[in-house]
Every structure is written in C-alpha cells, then in structure tokens.
2 protein chains.
Amino acid sequence: MQFTSESIEHVVELLSTLPTIGKKTARRLAFHLLRQPQEFVDQFASAMVQMRTGVRECSVCCTFTDREVCAICSHEKRDRSVICVVEQPSDVMAIEKTNDYRGLYHVLHGALSPLDGIGPDDIRLHELLSRLNMQVHELILALNPNVEGEVTTQYIAKMVSPLAIPVTRIARGVPMGSDLEFADDATLARALEGRTPV
Amino acid sequence: MQFTSESIEHVVELLSTLPTIGKKTARRLAFHLLRQPQEFVDQFASAMVQMRTGVRECSVCCTFTDREVCAICSHEKRDRSVICVVEQPSDVMAIEKTNDYRGLYHVLHGALSPLDGIGPDDIRLHELLSRLNMQVHELILALNPNVEGEVTTQYIAKMVSPLAIPVTRIARGVPMGSDLEFADDATLARALEGRTPV
C-alpha cells in the first residue's frame with residue numbers, strides 16, 4: 001500500500017539516483033523541502049536548470065565554466081608554459097586550494113578505462129594535443145593514483161613524446177600527517193622508489 | 001579567486017542548506033548533475049516544484065498527501081476507533097512498514113518545545129482534539145523518546161483526560177537485537193519499569 005504521496009515518491013526516487021544519497025536520506029531531504037517556503041523550492045529548481053543550461057566546458061582547458069574561456073585560462077597572471085592535466089573539474093579546485101600552482105590546467109573529464117569502454121576519443125585528449133605548442137615547457141600529469149589513472153598517464157606520455165615536451169607526474173608517497181605503520185604496501189613501495197635527497 | 005562558475009556555486013550553496021549535505025557533498029552532487037542529460041535535470045527540477053506545490057496536509061490526519069484526504073484515512077479497511085499520534089509524516093511510514101497497525105494516524109508536525117518557542121498552537125493539536133469523538137476508543141501516543149516528546153505526551157494526556165478516551169503510549173525499553181550490557185541507564189530503567197508478565 002502506498003502510504004505517502006506519488007509526487008513525494010517521485011522526488012525521493014530522483015534524489016536517490018544521486019551519489020552518496022540512499023533511499024532514507026532521499027526521503028529526509030524530500031520532507032525537508034516540503035517544510036521550506038515555496039519560493040525556496042522554486043529558486044532551487046531554477047538554479048539547477050540554469051546551471052545545467054548555462055555551464056559549458058572552457059574552450060581552452062575543458063573545465064566547467066559559465067563563459068567561453070574560464071577564469072583561470074583568461075587570467076593574465078597565470079603561467080602559460082605549464083599545463084597540469086587532471087581528470088575532473090573538482091581536481092582543479094583541489095589543486096587551486098593549495099595556492100601553490102600558477103600554471104594552467106587541462107581537464108580530461110575521465111580517464112582511459114578499456115573495461116568500461118572508455119577510450120582515447122571519450123576523454124579530452126584531442127583538445128589536450130591541440131594545446132601543446134612551442135609555448136608549453138612542461139606537462140604535469142595529476143591523474144588519480146589507480147589503474148585508470150596509470151593507464152592514462154602512460155598513454156599521454158607516449159602521445160606527447162614526439163613533441164619533446166617534458167612530461168612529469170605528481171609524486172606518489174605517504175600522505176602528510178599519516179603513520180608509516182598504516183600505509184599500504186603499494187604506497188610505501190612508491191614512496192621508497194620516489195625518494196629524494198634531503 | 002573564483003575558480004568555478006557562479007551558477008555552479010549557487011547550486012552548491014543551495015544544496016548545502018539541506019540536512020546531511022555538507023559543502024563537499026554538495027559540490028559532488030552539482031558536478032554529478034552537470035554530467036546528466038539536460039532532460040534529467042529539467043525533470044528533477046519540475047518534480048521538486050510539483051511536489052512542493054501539490055503536496056498538502058491531509059484534512060483528517062495532517063500527514064503529507066496529494067489529495068484532500070490521504071490514502072490511509074480514506075482506506076475503508078482501517079480501524080477508525082484507534083488513532084496513533086506521531087510527530088512527523090516519516091513516522092507514519094516507519095510504523096506502516098511494521099504491517100502491525102491497522103488504525104489511523106495523527107501527525108503533529110513537531111513536538112512542544114518551549115525553549116525553541118514551539119507551543120501548542122504551532123503543532124496540530126487543535127486538529128487532533130477536533131477528531132476525538134465517541135467513535136475513538138484509544139489514542140496511542142508514539143512520540144520520540146526525548147524531552148520534547150515527553151512534554152508533548154504529558155500535554156496531550158492532560159488535554160484529552162476530560163474526554164474519557166483511553167490514552168496509551170508505546171513501550172520504551174531495550175531495542176530488539178541489542179545487548180543489555182550496552183543499553184544506557186535511562187533505557188534500562190524504563191525497561192524495568194515497563195516489565196510485563198511472561
């Protein structure tokens with residue numbers, strides 16, 4: 001027996017398709033929305049639609065932006081000779097938060113994954129290749145430290161090698177503030193391999 | 001520096017006002033929505049608005065419903081002589097899931113809380129009183145086992161006493177499947193107090 005309204009159930013169903021949101025949380029969110037003023041829900045709905053309609057990929061680095069060219073690519077103080085390749089727009093934010101990087105980015109929107117049918121044409125590799133001119137002095141690969149990231153890193157390194165542009169990758173090792181005792185084998189092996197002089 | 005789009009930030013801000021959703025999850029959800037087809041986001045937005053516009057309180061029991069009278073109140077097989085009082089529509093669902101209760105409900109939409117300025121006029125007490133006629137043979141109070149629930153339980157018991165309708169409350173005791181060793185003092189005390197013959 002249906003003991004709640006169909007329109008609530010519909011919203012609950014849609015909410016529970018979102019990542020990290022299960023059926024119980026979805027129901028809680030729906031009831032929360034029902035307790036908000038109508039204007040809030042209207043504003044919420046139109047903000048979602050407006051975001052989906054208005055946001056596109058930057059024509060240079062492919063990150064999400066409202067404009068033709070994103071704020072980073074159009075910023076005159078950024079170092080145009082370095083490009084950092086990441087998988088997702090959220091990775092750009094993570095690196096920007098360090099306040100340590102002044103170069104440009106390139107967002108692939110994914111990583112190569114033959115098992116999932118994601119090949120070179122499904123991520124923004126052509127767009128990356130077309131940016132690599134004489135002006136670029138270093139390509140930093142900051143992909144996720146997993147199988148897909150590794151495959152993509154190797155693929156890009158091979159793809160770029162004829163251009164004679166130095167390609168680097170971010171260090172893999174023990175995270176700051178962690179305990180050696182609890183580091184996994186693969187991480188410790190990489191940390192030893194990548195040791196640097198003090 | 002703003003390293004993402006304004007419209008994304010707006011949605012992130014709105015999402016993080018929802019319960020259980022922090023800034024990081026909100027951003028993850030926003031990016032997820034950006035990866036969905038436009039139609040999905042449109043459907044999502046209109047389902048939210050439609051829910052908020054269409055859902056109202058049942059004119060009998062005050063739970064959320066699409067109709068004038070909810071499915072439970074209008075169901076001919078429900079026992080109209082018993083009313084179970086709960087705080088929220090989600091409590092109705094919780095009790096319905098047990099498949100153990102065949103009476104009607106009354107949803108207060110809150111509990112008395114003088115500290116938060118929630119008095120008798122702020123929850124559906126008048127509506128409850130107006131339902132209590134000769135036909136009702138038992139009023140079951142199933143409010144949350146906390147201070148507000150306790151205050152409300154006592155208030156309703158007093159309010160109903162002139163009508164000579166039996167008022168009961170759900171048992172407080174050790175939850176099924178738990179371990180006595182880990183039950184808190186208050187729960188154990190209630191469980192002892194409420195002991196029943198075997």
# chains A, B, ... in the order shown; residues from 1 in each chain; ligands from 1
call {"tool": "closest_atom_pairs", "arguments": {"of": "chain B", "to": "chain A", "cutoff": "6 Å", "atoms": "only C-alpha atoms", "output": "JSON lines"}}
result
{"residue": "B:Ser5", "atom": "CA", "partner": "A:Thr65", "partner_atom": "CA", "distance": 4.8}
{"residue": "B:Ser7", "atom": "CA", "partner": "A:Met51", "partner_atom": "CA", "distance": 5.1}
{"residue": "B:Ile8", "atom": "CA", "partner": "A:Met51", "partner_atom": "CA", "distance": 5.9}
{"residue": "B:Val11", "atom": "CA", "partner": "A:Ala47", "partner_atom": "CA", "distance": 6.0}
{"residue": "B:Leu34", "atom": "CA", "partner": "A:Arg52", "partner_atom": "CA", "distance": 5.6}
{"residue": "B:Asp42", "atom": "CA", "partner": "A:Val49", "partner_atom": "CA", "distance": 6.0}
{"residue": "B:Ala45", "atom": "CA", "partner": "A:Ala45", "partner_atom": "CA", "distance": 4.4}
{"residue": "B:Ala47", "atom": "CA", "partner": "A:Val11", "partner_atom": "CA", "distance": 6.0}
{"residue": "B:Val49", "atom": "CA", "partner": "A:Asp42", "partner_atom": "CA", "distance": 6.0}
{"residue": "B:Met51", "atom": "CA", "partner": "A:Ser7", "partner_atom": "CA", "distance": 5.1}
{"residue": "B:Arg52", "atom": "CA", "partner": "A:Leu34", "partner_atom": "CA", "distance": 5.6}
{"residue": "B:Thr65", "atom": "CA", "partner": "A:Ser5", "partner_atom": "CA", "distance": 4.8}
{"residue": "B:Asp66", "atom": "CA", "partner": "A:Ser5", "partner_atom": "CA", "distance": 5.4}
call {"tool": "write_last_selection", "arguments": {"atoms": "C-alpha atoms", "output": "PDB file, in the first residue's frame"}}
result
ATOM      1  CA  SER B   5      31.287  29.107 -12.374  1.00  0.00           C
ATOM      2  CA  SER B   7      25.880  29.137 -11.364  1.00  0.00           C
ATOM      3  CA  ILE B   8      27.624  26.021 -10.003  1.00  0.00           C
ATOM      4  CA  VAL B  11      23.594  25.366  -6.693  1.00  0.00           C
ATOM      5  CA  LEU B  34      26.226  18.626 -14.762  1.00  0.00           C
ATOM      6  CA  ASP B  42      14.649  19.547 -16.069  1.00  0.00           C
ATOM      7  CA  ALA B  45      13.557  20.481 -11.064  1.00  0.00           C
ATOM      8  CA  ALA B  47       9.338  17.213  -9.853  1.00  0.00           C
ATOM      9  CA  VAL B  49       8.378  22.236  -7.721  1.00  0.00           C
ATOM     10  CA  MET B  51       5.863  18.211  -5.115  1.00  0.00           C
ATOM     11  CA  ARG B  52       6.077  21.450  -3.163  1.00  0.00           C
ATOM     12  CA  THR B  65      -0.636  13.809   0.713  1.00  0.00           C
ATOM     13  CA  ASP B  66      -1.563  14.759  -2.865  1.00  0.00           C
TER      14      ASP B  66
END
call {"tool": "select_by_dssp", "arguments": {"residues": "range 18-178 of chain A", "states": "strand (DSSP E or B)", "output": "number ranges by chain"}}
result
A: 56-57, 64-65, 79-86, 103-107, 113, 118, 138-141, 167-169
call {"tool": "select_by_dssp", "arguments": {"residues": "chain B", "states": "helix (DSSP H, G or I)", "output": "ChimeraX atom specification"}}
result
/B:6-15,23-34,38-54,89-97,114-116,125-131,147-163,180-182,185-193
call {"tool": "residues_around", "arguments": {"residues": "Met159 in chain B", "least_positions_apart": "6", "cutoff": "12 Å", "atoms": "only C-alpha atoms", "output": "list in words"}}
result
Pro120, Leu125, His126, Leu128, Leu129, Ser130, Leu132, Leu139, Thr152, Thr153, Ile165 and Val167 of chain B
call {"tool": "atom_distance", "arguments": {"atom1": "CA of Leu104 in chain A", "atom2": "CA of Ile140 in chain A"}}
result
10.0 Å
call {"tool": "atom_distance", "arguments": {"atom1": "CA of Val86 in chain A", "atom2": "CA of Arg124 in chain A"}}
result
10.5 Å
call {"tool": "residues_around", "arguments": {"residues": "range 73-82 of chain A", "least_positions_apart": "3", "cutoff": "7 Å", "atoms": "only C-alpha atoms", "output": "ChimeraX atom specification"}}
result
/A:60,69-70,102-104,135-139
call {"tool": "atom_distance", "arguments": {"atom1": "CA of Ala111 in chain A", "atom2": "CA of Ile123 in chain A"}}
result
6.8 Å
